[in-house]
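A.B. asks: My structure is below; once you've seen it, I'll send some questions.
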Amino acid sequence: MEQHLAIKATDISKTFHISEDSHNTVKHRLFNLFNPPRARKVEALKPMSFEIAKGECIGLIGRNGCGKSTLVRLLAGVYPATTGRIEIQGTTLLMNLGVGMSHELTARENIYVSSSVLGLRVREIDCIFDKIVDFAELREFVDTKIKYFSSGMVARLGFSIAVNAGADILFLDEIFAVGDMKFQEKATKVFESSWIAGRTVLLVSHTMDTIRRYCHRTAYMANGNLVFFGETEEAVRLYIRDNGE
Amino acid sequence: MEETMTARVMDPHKMERLWLLARIEFKLRYYENKLGLLWALLKPVMDIVIYYVVFQIIIKQNIPAFASYLFIGLILWNFFVESTTGTIQILSTKKYLYEYSNMNKMEIYVSTLMSNTIGFFFNFVMFLVFYNFIERQSTGPSFYNLWIVPIFVILFILSLGSSLILSNIYILAKDISQVWQVFVSFLFFLSPIFYRLSTFKESLPKFDYGNPIAGIIINARRVMMEHRPPDFRLLAWDTLYALVLLGLGLFLLNKLGSKAAEKL
């Protein structure tokens, strides 16, 4: 894979097999050995290929259920692809309503665990720990388990970890849709600052202003197909036309 | 595959993360309860009291240093059970770790087993104190005691392999936990944990080769209590068991584990 690329996807596709009966016990499987479950195939992503260079900010738009989140999960390595190859250079972070956090752990422990999973050394986490806590405005709840947090507090913590710990490649799935107005403002401000500089970003959003403002190139998807990948204006035009029908 | 796996696990950065995860896991397990760490220490003692009463006082087996005999057997056994029964649902409970990043799932397993190793370590220190200072029929320490390290490593690999297999089957069949529970009690009663070894061997000839835990317990007693080197044939046999199970576990992790995020 060429050095300047962050993501290279070749002919990737994803098909989900959704079985109609629940064949998820040993008993059930044994009794129905010769009567395999009828599985419905859902082609969530049809074969597509593309390349994303390091440092690019890519928009991903399309109507609900068109496969945006599936594509993002595939690229982040959360789901395996049914066909094709995905090559990734660097650590990845997928963020939608928060980064992965355990509700059984305290905010402090979650900060350490998540940041470590994102590839930071413990020493480095010590350095940014206060920044994360202050940004999330959770100073007095540092040693509280996050299951006692409100959903807004959890979202703030997740966002703060993502902002401060980061990863080489960020997949941001509707991050501006959570939190109150003040938090959204803060998120936008961070986005404008140096946070994403030098990182590769894939931004999923339904807010065309955001897409227009930040994305160098944009992908437009419909029914699991990558219809268009290129000029942001053109992608947005296609999306708006699709919504108009 | 195996080579890259060891290379990854040996990376100091990864080691640091494994240690962090293991410590948090250990804390979660023991500090959440009112009894705290005391429970980790108390549990084997209470088990020993029960089995001592049943097998030494009621059934009168007359095994020398029976409390110590039970002690070493039980702590090895408990490590195996905690690392297998306790991890069947690991891909579900630890989903938050791999759902948002491309973290290697193997780290989740290794860190959980490391946390169990911390627990085992405390129990083992207790055993050493008990055996060398309290046990009246003790034969004292010897250099053969050092053999416990490779024996434990084999147990660790064996548990890791079993844990990988069980937790990946869990993705497809949730009731594997019930099936495993029956299998575990089967293994428990067919391991020479509280029987006299000669009785065990007479009644079930060659079974020490059929049950890898039996071999590990037998060898641990030889090196800790009998001032003898381990039975090398048994040791080699158990190593083979451990490696085959680990290989199968890694195969399943690649095959099924990659789908954990969408199935669980």
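The chains in the structure tokens are called A, B, ... from first to last as shown; in each chain the residues are counted from 1, and the ligands are counted from 1 in the order shown.
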Starting from chain A, keep only residues with some atom at most 9 Å from an atom of chain B, counting only C-alpha atoms, and report them as a PyMOL selection string.
C.D. replies: chain A and resi 16+23-29+73+76-80+91-96+98-102+104-105+109+112-114+116-122
A.B. asks: Could you please take those selected residues and save N, CA, C and O atoms as a compact mmCIF listing (two decimals), in the first residue's frame?
C.D. replies:
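Result file part.txt:
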# COMPACT_ATOMS: atom_id res chain seq x y z
N PHE A 16 -25.33 -9.18 5.53
CA PHE A 16 -25.73 -9.71 6.84
C PHE A 16 -26.65 -10.90 6.62
O PHE A 16 -27.51 -10.86 5.74
N HIS A 23 -31.57 -19.61 16.19
CA HIS A 23 -30.78 -20.84 16.30
C HIS A 23 -29.55 -20.59 17.13
O HIS A 23 -28.45 -20.86 16.73
N ASN A 24 -29.74 -20.07 18.31
CA ASN A 24 -28.52 -19.77 19.04
C ASN A 24 -28.38 -20.56 20.33
O ASN A 24 -27.81 -20.09 21.29
N THR A 25 -28.88 -21.77 20.35
CA THR A 25 -28.57 -22.64 21.47
C THR A 25 -28.06 -23.96 20.92
O THR A 25 -28.31 -24.31 19.78
N VAL A 26 -27.31 -24.68 21.76
CA VAL A 26 -26.76 -25.97 21.35
C VAL A 26 -27.91 -26.91 21.01
O VAL A 26 -27.90 -27.60 20.00
N LYS A 27 -28.94 -26.94 21.88
CA LYS A 27 -30.08 -27.81 21.70
C LYS A 27 -30.71 -27.56 20.33
O LYS A 27 -30.90 -28.47 19.53
N HIS A 28 -30.99 -26.31 20.07
CA HIS A 28 -31.64 -25.95 18.83
C HIS A 28 -30.82 -26.38 17.62
O HIS A 28 -31.33 -26.89 16.65
N ARG A 29 -29.51 -26.19 17.73
CA ARG A 29 -28.65 -26.53 16.60
C ARG A 29 -28.60 -28.03 16.36
O ARG A 29 -28.58 -28.48 15.23
N ARG A 73 -18.18 1.08 10.18
CA ARG A 73 -17.80 -0.03 11.07
C ARG A 73 -16.84 -0.98 10.37
O ARG A 73 -15.93 -1.53 10.98
N ALA A 76 -13.49 0.71 10.27
CA ALA A 76 -12.87 0.80 11.60
C ALA A 76 -12.45 -0.57 12.12
O ALA A 76 -11.87 -0.68 13.18
N GLY A 77 -12.79 -1.62 11.36
CA GLY A 77 -12.37 -2.96 11.77
C GLY A 77 -13.28 -3.58 12.80
O GLY A 77 -12.93 -4.58 13.41
N VAL A 78 -14.46 -3.01 13.01
CA VAL A 78 -15.38 -3.58 13.99
C VAL A 78 -16.12 -4.76 13.38
O VAL A 78 -16.29 -5.80 14.02
N TYR A 79 -16.56 -4.63 12.13
CA TYR A 79 -17.17 -5.74 11.41
C TYR A 79 -16.18 -6.26 10.37
O TYR A 79 -15.48 -5.47 9.75
N PRO A 80 -16.16 -7.57 10.16
CA PRO A 80 -15.34 -8.08 9.06
C PRO A 80 -16.09 -7.88 7.74
O PRO A 80 -17.31 -7.96 7.70
N THR A 91 -3.85 3.89 13.88
CA THR A 91 -4.90 3.47 14.82
C THR A 91 -6.22 4.11 14.40
O THR A 91 -6.23 5.16 13.78
N THR A 92 -7.31 3.44 14.72
CA THR A 92 -8.61 3.99 14.33
C THR A 92 -9.47 4.23 15.55
O THR A 92 -9.31 3.58 16.58
N LEU A 93 -10.35 5.19 15.43
CA LEU A 93 -11.31 5.45 16.49
C LEU A 93 -12.66 5.67 15.84
O LEU A 93 -12.80 6.50 14.94
N LEU A 94 -13.63 4.89 16.28
CA LEU A 94 -14.98 5.07 15.80
C LEU A 94 -15.75 5.77 16.89
O LEU A 94 -15.69 5.38 18.05
N MET A 95 -16.43 6.82 16.53
CA MET A 95 -17.15 7.55 17.56
C MET A 95 -18.54 7.84 17.07
O MET A 95 -18.74 8.45 16.04
N ASN A 96 -19.54 7.37 17.80
CA ASN A 96 -20.87 7.88 17.52
C ASN A 96 -21.44 8.52 18.77
O ASN A 96 -21.20 9.68 19.01
N GLY A 98 -20.39 8.05 21.61
CA GLY A 98 -19.32 8.07 22.60
C GLY A 98 -18.30 7.06 22.16
O GLY A 98 -18.56 6.30 21.23
N VAL A 99 -17.18 7.02 22.80
CA VAL A 99 -16.25 5.95 22.50
C VAL A 99 -16.61 4.81 23.43
O VAL A 99 -17.43 4.95 24.31
N GLY A 100 -16.01 3.66 23.22
CA GLY A 100 -16.35 2.50 24.03
C GLY A 100 -15.99 2.73 25.49
O GLY A 100 -14.83 2.93 25.82
N MET A 101 -16.99 2.68 26.34
CA MET A 101 -16.70 2.85 27.76
C MET A 101 -17.51 1.84 28.55
O MET A 101 -18.61 1.49 28.17
N SER A 102 -16.94 1.39 29.65
CA SER A 102 -17.65 0.44 30.48
C SER A 102 -18.40 1.19 31.57
O SER A 102 -17.83 2.04 32.25
N GLU A 104 -19.35 0.00 34.26
CA GLU A 104 -18.94 -0.48 35.58
C GLU A 104 -17.69 0.25 36.08
O GLU A 104 -17.33 0.11 37.24
N LEU A 105 -17.03 0.97 35.20
CA LEU A 105 -15.79 1.63 35.60
C LEU A 105 -16.03 3.10 35.92
O LEU A 105 -17.01 3.70 35.47
N GLU A 109 -10.99 5.46 35.38
CA GLU A 109 -10.58 4.19 34.78
C GLU A 109 -10.92 4.16 33.29
O GLU A 109 -10.13 3.68 32.48
N TYR A 112 -8.34 6.00 31.31
CA TYR A 112 -7.11 5.23 31.12
C TYR A 112 -7.30 4.09 30.13
O TYR A 112 -6.48 3.88 29.25
N VAL A 113 -8.39 3.35 30.29
CA VAL A 113 -8.61 2.20 29.41
C VAL A 113 -8.79 2.66 27.96
O VAL A 113 -8.10 2.18 27.06
N SER A 114 -9.70 3.62 27.75
CA SER A 114 -9.97 4.03 26.37
C SER A 114 -8.73 4.63 25.71
O SER A 114 -8.42 4.31 24.57
N SER A 116 -5.68 4.09 26.40
CA SER A 116 -4.68 3.05 26.18
C SER A 116 -5.04 2.23 24.95
O SER A 116 -4.18 1.89 24.14
N VAL A 117 -6.32 1.92 24.82
CA VAL A 117 -6.77 1.18 23.63
C VAL A 117 -6.49 1.99 22.36
O VAL A 117 -6.17 1.45 21.32
N LEU A 118 -6.56 3.31 22.48
CA LEU A 118 -6.29 4.16 21.33
C LEU A 118 -4.81 4.30 21.04
O LEU A 118 -4.41 5.01 20.12
N GLY A 119 -3.99 3.67 21.86
CA GLY A 119 -2.56 3.61 21.54
C GLY A 119 -1.68 4.53 22.35
O GLY A 119 -0.51 4.73 22.01
N LEU A 120 -2.19 5.12 23.45
CA LEU A 120 -1.35 6.00 24.25
C LEU A 120 -0.65 5.23 25.37
O LEU A 120 -1.18 4.26 25.89
N ARG A 121 0.55 5.72 25.72
CA ARG A 121 1.26 5.14 26.85
C ARG A 121 0.65 5.69 28.13
O ARG A 121 0.10 6.79 28.14
N VAL A 122 0.81 4.95 29.23
CA VAL A 122 0.24 5.41 30.50
C VAL A 122 0.82 6.78 30.88
O VAL A 122 0.11 7.67 31.35
A.B. asks: Taking 6 positions as the minimum chain separation for residues in the same chain, which residues sit within 12 Å of stretch 240-246 of chain B when counting only C-alpha atoms? Answer as a count of residues only.
C.D. replies: 31
A.B. asks: For a quick check of understanding, using only C-alpha atoms, which of B:Tyr52, B:Tyr30, B:Phe66, B:Phe71 has the smallest distance to B:Gln137?
C.D. replies: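 Of B:Tyr52, B:Tyr30, B:Phe66, B:Phe71, the one nearest B:Gln137, counting only C-alpha atoms, is B:Phe66.
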A.B. asks: List every residue of stretch 44-147 of chain B that has an atom at most 12 Å from any atom of stretch 191-200 of chain B, and for each one report the closest atom pair and its distance in Å to one decimal, counting only C-alpha atoms, with rows sorted by chain and then by increasing residue number, as a tab-separated table.
C.D. replies:
residue	atom	partner	partner_atom	distance
B:Asp47	CA	B:Phe194	CA	11.1
B:Ile48	CA	B:Phe194	CA	9.6
B:Val49	CA	B:Phe194	CA	11.9
B:Ile50	CA	B:Phe194	CA	10.9
B:Tyr51	CA	B:Phe194	CA	7.2
B:Tyr52	CA	B:Phe194	CA	8.5
B:Val53	CA	B:Phe194	CA	11.2
B:Val54	CA	B:Phe194	CA	9.6
B:Phe55	CA	B:Phe194	CA	7.1
B:Gln56	CA	B:Phe194	CA	9.3
B:Ile59	CA	B:Tyr195	CA	10.5
B:Lys60	CA	B:Tyr195	CA	10.8
B:Gln61	CA	B:Arg196	CA	7.1
B:Asn62	CA	B:Arg196	CA	8.5
B:Ile63	CA	B:Arg196	CA	6.5
B:Pro64	CA	B:Arg196	CA	9.7
B:Ala65	CA	B:Arg196	CA	11.6
B:Phe66	CA	B:Phe194	CA	8.4
B:Ala67	CA	B:Phe194	CA	9.6
B:Ser68	CA	B:Phe194	CA	10.7
B:Tyr69	CA	B:Phe194	CA	7.8
B:Leu70	CA	B:Phe194	CA	6.1
B:Phe71	CA	B:Ile193	CA	9.0
B:Ile72	CA	B:Ile193	CA	8.8
B:Gly73	CA	B:Ile193	CA	5.3
B:Leu74	CA	B:Ile193	CA	6.7
B:Ile75	CA	B:Ile193	CA	10.1
B:Leu76	CA	B:Ile193	CA	9.7
B:Trp77	CA	B:Ile193	CA	8.2
B:Asn78	CA	B:Ile193	CA	11.1
A.B. asks: Quick one, how far is atom CA of A:Thr10 from atom CA of A:Val72?
C.D. replies: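 Interatomic distance, atom CA of A:Thr10 to atom CA of A:Val72: 14.8 Å.
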A.B. asks: Rank A:His103, A:Lys54, A:Arg85, A:Lys186 by their smallest atom-to-atom distance to A:Lys147, using only C-alpha atoms, and report the top residue only.
C.D. replies: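 Using only C-alpha atoms, the shortest distance to A:Lys147 belongs to A:His103.
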A.B. asks: Extract, using only C-alpha atoms, all DNA, RNA and protein residues at most 7 Å from A:Arg40, discarding same-chain residues fewer than 5 positions from it, and format them as a PyMOL selection string.
C.D. replies: chain A and resi 17-19
A.B. asks: Could you state the separation of atom CA of A:Gln89 and atom CA of A:Leu5 in Å, given to one decimal place?
C.D. replies: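 Pair atom CA of A:Gln89 / atom CA of A:Leu5 returns 7.5 Å.
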A.B. asks: Contacts of A:Cys57 at 9 Å or less, counting only C-alpha atoms, minus same-chain residues fewer than 3 places along, as a PyMOL selection string?
C.D. replies: chain A and resi 52+54+196+199-203+214-218
A.B. asks: Store the residues picked out above in a file with N, CA, C and O atoms, as a compact mmCIF listing (two decimals), in the first residue's frame.
C.D. replies:
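Output contents, as saved in selection_5.txt:
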# COMPACT_ATOMS: atom_id res chain seq x y z
N ILE A 52 -8.42 6.67 0.44
CA ILE A 52 -8.45 7.93 1.18
C ILE A 52 -7.02 8.23 1.62
O ILE A 52 -6.34 7.38 2.21
N LYS A 54 -3.87 10.22 3.59
CA LYS A 54 -3.64 10.71 4.95
C LYS A 54 -3.95 12.20 5.01
O LYS A 54 -3.59 12.95 4.10
N ILE A 196 -8.26 18.18 14.22
CA ILE A 196 -8.23 17.24 13.11
C ILE A 196 -7.05 17.46 12.18
O ILE A 196 -6.85 16.71 11.24
N ARG A 199 -4.79 14.60 10.92
CA ARG A 199 -5.46 13.32 11.06
C ARG A 199 -6.35 13.07 9.85
O ARG A 199 -6.75 13.99 9.15
N THR A 200 -6.67 11.81 9.65
CA THR A 200 -7.60 11.46 8.59
C THR A 200 -8.98 11.34 9.23
O THR A 200 -9.12 10.70 10.26
N VAL A 201 -9.95 12.00 8.63
CA VAL A 201 -11.28 12.01 9.24
C VAL A 201 -12.33 11.56 8.24
O VAL A 201 -12.29 11.94 7.07
N LEU A 202 -13.23 10.72 8.71
CA LEU A 202 -14.39 10.37 7.90
C LEU A 202 -15.60 10.81 8.69
O LEU A 202 -15.85 10.32 9.78
N LEU A 203 -16.31 11.77 8.14
CA LEU A 203 -17.37 12.43 8.89
C LEU A 203 -18.73 12.04 8.32
O LEU A 203 -19.02 12.31 7.15
N TYR A 214 -16.27 21.46 6.09
CA TYR A 214 -15.04 20.77 6.47
C TYR A 214 -14.50 19.76 5.47
O TYR A 214 -13.33 19.42 5.53
N CYS A 215 -15.36 19.23 4.61
CA CYS A 215 -14.91 18.06 3.85
C CYS A 215 -14.27 18.42 2.51
O CYS A 215 -14.83 19.17 1.72
N HIS A 216 -13.09 17.84 2.30
CA HIS A 216 -12.39 18.05 1.02
C HIS A 216 -13.10 17.29 -0.09
O HIS A 216 -13.26 17.79 -1.19
N ARG A 217 -13.49 16.06 0.24
CA ARG A 217 -14.22 15.24 -0.73
C ARG A 217 -15.38 14.60 0.01
O ARG A 217 -15.33 14.42 1.23
N THR A 218 -16.40 14.20 -0.72
CA THR A 218 -17.55 13.61 -0.06
C THR A 218 -18.07 12.41 -0.85
O THR A 218 -18.04 12.41 -2.08
A.B. asks: Excluding same-chain residues fewer than 3 positions from stretch 35-42 of chain B, what lies within 8 Å of it counting only C-alpha atoms, as JSON, numbers by chain?
C.D. replies: {"B": [30, 31, 32, 45, 46, 119, 122, 123, 126]}
A.B. asks: Which value, in Å to one decimal, gives the distance between atom CA of A:Val204 and atom CA of A:Asn64?
C.D. replies: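 Taking atom CA of A:Val204 and atom CA of A:Asn64, their separation equals 11.4 Å.
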A.B. asks: So, with only C-alpha atoms as the atoms that count, which of A:Arg38, A:Leu157, A:Leu226, A:Phe176 lies closest to A:Gly67?
C.D. replies: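 When distances to A:Gly67 are compared using only C-alpha atoms, the smallest one comes from A:Leu226.
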A.B. asks: If we count only C-alpha atoms, what is near stretch 140-144 of chain B at a cut-off of 8 Å, once residues fewer than 2 positions away on the same chain are taken out, given as a VMD selection string?
C.D. replies: chain B and resid 131 to 132 138 146 to 147 223 to 225 227 to 229
A.B. asks: Could those residues be written to a file, using all heavy atoms, as an mmCIF file, in the first residue's frame?
C.D. replies:
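Ended up saving to selection08.cif:
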data_model
loop_
_atom_site.group_PDB
_atom_site.id
_atom_site.type_symbol
_atom_site.label_atom_id
_atom_site.label_comp_id
_atom_site.auth_asym_id
_atom_site.auth_seq_id
_atom_site.Cartn_x
_atom_site.Cartn_y
_atom_site.Cartn_z
ATOM 1 N N TYR B 131 2.067 -24.117 54.080
ATOM 2 C CA TYR B 131 2.809 -25.374 53.972
ATOM 3 C C TYR B 131 4.106 -25.344 54.775
ATOM 4 O O TYR B 131 4.470 -26.316 55.427
ATOM 5 C CB TYR B 131 3.107 -25.692 52.505
ATOM 6 C CG TYR B 131 3.709 -27.062 52.312
ATOM 7 C CD1 TYR B 131 2.983 -28.202 52.617
ATOM 8 C CD2 TYR B 131 5.016 -27.211 51.835
ATOM 9 C CE1 TYR B 131 3.524 -29.462 52.458
ATOM 10 C CE2 TYR B 131 5.566 -28.472 51.674
ATOM 11 C CZ TYR B 131 4.814 -29.596 51.994
ATOM 12 O OH TYR B 131 5.354 -30.836 51.842
ATOM 13 N N ASN B 132 4.774 -24.198 54.702
ATOM 14 C CA ASN B 132 6.087 -24.151 55.334
ATOM 15 C C ASN B 132 6.065 -23.781 56.808
ATOM 16 O O ASN B 132 6.997 -24.083 57.532
ATOM 17 C CB ASN B 132 7.005 -23.204 54.564
ATOM 18 C CG ASN B 132 7.380 -23.789 53.215
ATOM 19 O OD1 ASN B 132 7.893 -24.889 53.133
ATOM 20 N ND2 ASN B 132 7.073 -23.065 52.152
ATOM 21 N N SER B 138 4.794 -31.071 56.906
ATOM 22 C CA SER B 138 5.490 -30.456 55.780
ATOM 23 C C SER B 138 6.897 -31.001 55.622
ATOM 24 O O SER B 138 7.566 -31.346 56.610
ATOM 25 C CB SER B 138 5.553 -28.947 56.005
ATOM 26 O OG SER B 138 6.515 -28.371 55.166
ATOM 27 N N LEU B 146 10.634 -24.758 42.174
ATOM 28 C CA LEU B 146 10.686 -23.829 41.039
ATOM 29 C C LEU B 146 9.938 -24.373 39.813
ATOM 30 O O LEU B 146 9.521 -23.616 38.950
ATOM 31 C CB LEU B 146 12.140 -23.527 40.666
ATOM 32 C CG LEU B 146 12.902 -22.729 41.726
ATOM 33 C CD1 LEU B 146 14.366 -22.595 41.325
ATOM 34 C CD2 LEU B 146 12.285 -21.351 41.923
ATOM 35 N N TRP B 147 9.783 -25.697 39.782
ATOM 36 C CA TRP B 147 9.067 -26.296 38.656
ATOM 37 C C TRP B 147 7.620 -25.820 38.573
ATOM 38 O O TRP B 147 6.956 -25.988 37.551
ATOM 39 C CB TRP B 147 9.074 -27.824 38.763
ATOM 40 C CG TRP B 147 10.289 -28.436 38.134
ATOM 41 C CD1 TRP B 147 11.380 -28.929 38.777
ATOM 42 C CD2 TRP B 147 10.529 -28.624 36.737
ATOM 43 N NE1 TRP B 147 12.292 -29.407 37.871
ATOM 44 C CE2 TRP B 147 11.790 -29.236 36.616
ATOM 45 C CE3 TRP B 147 9.801 -28.333 35.583
ATOM 46 C CZ2 TRP B 147 12.340 -29.557 35.374
ATOM 47 C CZ3 TRP B 147 10.344 -28.656 34.349
ATOM 48 C CH2 TRP B 147 11.602 -29.261 34.270
ATOM 49 N N VAL B 223 6.220 -31.451 42.804
ATOM 50 C CA VAL B 223 7.297 -30.467 42.961
ATOM 51 C C VAL B 223 7.147 -29.644 44.232
ATOM 52 O O VAL B 223 8.136 -29.179 44.789
ATOM 53 C CB VAL B 223 7.407 -29.522 41.732
ATOM 54 C CG1 VAL B 223 7.602 -30.338 40.463
ATOM 55 C CG2 VAL B 223 6.210 -28.608 41.601
ATOM 56 N N MET B 224 5.911 -29.475 44.732
ATOM 57 C CA MET B 224 5.733 -28.634 45.909
ATOM 58 C C MET B 224 5.823 -29.424 47.213
ATOM 59 O O MET B 224 6.254 -28.905 48.230
ATOM 60 C CB MET B 224 4.380 -27.897 45.870
ATOM 61 C CG MET B 224 4.211 -26.879 44.760
ATOM 62 S SD MET B 224 5.537 -25.654 44.644
ATOM 63 C CE MET B 224 5.456 -24.881 46.247
ATOM 64 N N MET B 225 5.363 -30.674 47.191
ATOM 65 C CA MET B 225 5.231 -31.383 48.457
ATOM 66 C C MET B 225 6.080 -32.640 48.565
ATOM 67 O O MET B 225 6.329 -33.121 49.663
ATOM 68 C CB MET B 225 3.757 -31.762 48.696
ATOM 69 C CG MET B 225 2.861 -30.548 48.769
ATOM 70 S SD MET B 225 1.113 -31.018 48.873
ATOM 71 C CE MET B 225 1.090 -31.929 50.403
ATOM 72 N N HIS B 227 9.173 -33.201 46.942
ATOM 73 C CA HIS B 227 10.597 -33.043 46.620
ATOM 74 C C HIS B 227 11.004 -33.942 45.465
ATOM 75 O O HIS B 227 12.032 -34.624 45.536
ATOM 76 C CB HIS B 227 11.468 -33.345 47.851
ATOM 77 C CG HIS B 227 11.331 -32.296 48.887
ATOM 78 N ND1 HIS B 227 12.221 -32.140 49.907
ATOM 79 C CD2 HIS B 227 10.407 -31.330 49.054
ATOM 80 C CE1 HIS B 227 11.840 -31.137 50.674
ATOM 81 N NE2 HIS B 227 10.742 -30.638 50.172
ATOM 82 N N ARG B 228 10.193 -33.958 44.438
ATOM 83 C CA ARG B 228 10.494 -34.780 43.276
ATOM 84 C C ARG B 228 10.339 -33.918 42.030
ATOM 85 O O ARG B 228 9.555 -32.977 42.021
ATOM 86 C CB ARG B 228 9.508 -35.953 43.191
ATOM 87 C CG ARG B 228 9.802 -37.062 44.177
ATOM 88 C CD ARG B 228 9.120 -38.333 43.753
ATOM 89 N NE ARG B 228 7.660 -38.237 43.845
ATOM 90 C CZ ARG B 228 6.828 -39.137 43.331
ATOM 91 N NH1 ARG B 228 7.326 -40.172 42.664
ATOM 92 N NH2 ARG B 228 5.536 -39.021 43.466
ATOM 93 N N PRO B 229 11.074 -34.259 40.964
ATOM 94 C CA PRO B 229 10.840 -33.538 39.706
ATOM 95 C C PRO B 229 9.474 -33.930 39.165
ATOM 96 O O PRO B 229 8.932 -34.964 39.561
ATOM 97 C CB PRO B 229 11.957 -34.036 38.784
ATOM 98 C CG PRO B 229 12.320 -35.369 39.329
ATOM 99 C CD PRO B 229 12.094 -35.297 40.806
#
A.B. asks: Mind the document's chain letters and residue numbers, and return as JSON, numbers by chain the residues of stretch 78-226 of chain B that DSSP labels alpha helix (DSSP H).
C.D. replies: {"B": [78, 79, 80, 81, 82, 83, 84, 90, 91, 92, 93, 95, 96, 97, 98, 105, 106, 107, 108, 109, 110, 111, 112, 113, 114, 115, 116, 117, 118, 119, 120, 121, 122, 123, 124, 125, 126, 127, 128, 129, 148, 149, 150, 151, 152, 153, 154, 155, 156, 157, 158, 159, 160, 161, 162, 163, 164, 165, 166, 167, 168, 169, 170, 171, 172, 176, 177, 178, 179, 180, 181, 182, 183, 184, 185, 186, 187, 188, 189, 197, 198, 199, 200, 201, 202, 203, 207, 208, 209, 210, 212, 213, 214, 215, 216, 217, 218, 219, 220, 221, 222, 223, 224, 225]}
A.B. asks: So which residues of stretch 50-96 of chain A fall under strand (DSSP E or B) by DSSP, listed as a PyMOL selection string?
C.D. replies: chain A and resi 50-53+57-62+83-88+92-95
A.B. asks: Go ahead and write the residues just picked, N, CA and C atoms, as a short mmCIF file (atom, residue, chain, number, x, y, z; two decimals), in the first residue's frame.
C.D. replies:
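Below is the file that was written, result.cif:
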data_model
loop_
_atom_site.label_atom_id
_atom_site.label_comp_id
_atom_site.auth_asym_id
_atom_site.auth_seq_id
_atom_site.Cartn_x
_atom_site.Cartn_y
_atom_site.Cartn_z
N PHE A 50 -12.27 2.29 -3.03
CA PHE A 50 -11.86 3.70 -2.96
C PHE A 50 -10.57 3.83 -2.16
N GLU A 51 -9.99 5.00 -2.24
CA GLU A 51 -8.77 5.28 -1.49
C GLU A 51 -8.94 6.60 -0.76
N ILE A 52 -8.42 6.67 0.44
CA ILE A 52 -8.45 7.93 1.18
C ILE A 52 -7.02 8.23 1.62
N ALA A 53 -6.57 9.44 1.29
CA ALA A 53 -5.19 9.80 1.61
C ALA A 53 -5.08 10.29 3.04
N CYS A 57 -10.13 15.03 4.93
CA CYS A 57 -11.37 15.00 5.68
C CYS A 57 -12.47 14.66 4.69
N ILE A 58 -13.04 13.49 4.87
CA ILE A 58 -14.01 12.97 3.91
C ILE A 58 -15.40 13.01 4.51
N GLY A 59 -16.35 13.47 3.73
CA GLY A 59 -17.74 13.45 4.19
C GLY A 59 -18.41 12.19 3.70
N LEU A 60 -19.40 11.72 4.46
CA LEU A 60 -20.15 10.54 4.03
C LEU A 60 -21.62 10.84 4.25
N ILE A 61 -22.37 10.94 3.14
CA ILE A 61 -23.77 11.29 3.27
C ILE A 61 -24.66 10.29 2.55
N GLY A 62 -25.93 10.34 2.87
CA GLY A 62 -26.90 9.42 2.30
C GLY A 62 -28.07 9.31 3.24
N THR A 83 -16.61 -9.53 1.47
CA THR A 83 -15.63 -9.72 0.40
C THR A 83 -14.69 -8.52 0.39
N GLY A 84 -13.59 -8.67 -0.33
CA GLY A 84 -12.69 -7.55 -0.54
C GLY A 84 -11.67 -7.36 0.55
N ARG A 85 -10.84 -6.33 0.38
CA ARG A 85 -9.73 -6.07 1.29
C ARG A 85 -9.77 -4.64 1.78
N ILE A 86 -9.48 -4.48 3.05
CA ILE A 86 -9.37 -3.13 3.60
C ILE A 86 -7.98 -2.99 4.18
N GLU A 87 -7.24 -2.00 3.70
CA GLU A 87 -5.92 -1.76 4.27
C GLU A 87 -5.96 -0.43 5.01
N ILE A 88 -5.45 -0.46 6.24
CA ILE A 88 -5.51 0.71 7.11
C ILE A 88 -4.10 1.00 7.61
N THR A 92 -7.31 3.44 14.72
CA THR A 92 -8.61 3.99 14.33
C THR A 92 -9.47 4.23 15.55
N LEU A 93 -10.35 5.19 15.43
CA LEU A 93 -11.31 5.45 16.49
C LEU A 93 -12.66 5.67 15.84
N LEU A 94 -13.63 4.89 16.28
CA LEU A 94 -14.98 5.07 15.80
C LEU A 94 -15.75 5.77 16.89
N MET A 95 -16.43 6.82 16.53
CA MET A 95 -17.15 7.55 17.56
C MET A 95 -18.54 7.84 17.07
#
A.B. asks: Using only C-alpha atoms, which of B:Val81, B:Leu113, B:Leu91, B:Phe183 sits nearest B:Trp19?
C.D. replies: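 That would be B:Leu113, the residue with the smallest distance to B:Trp19.
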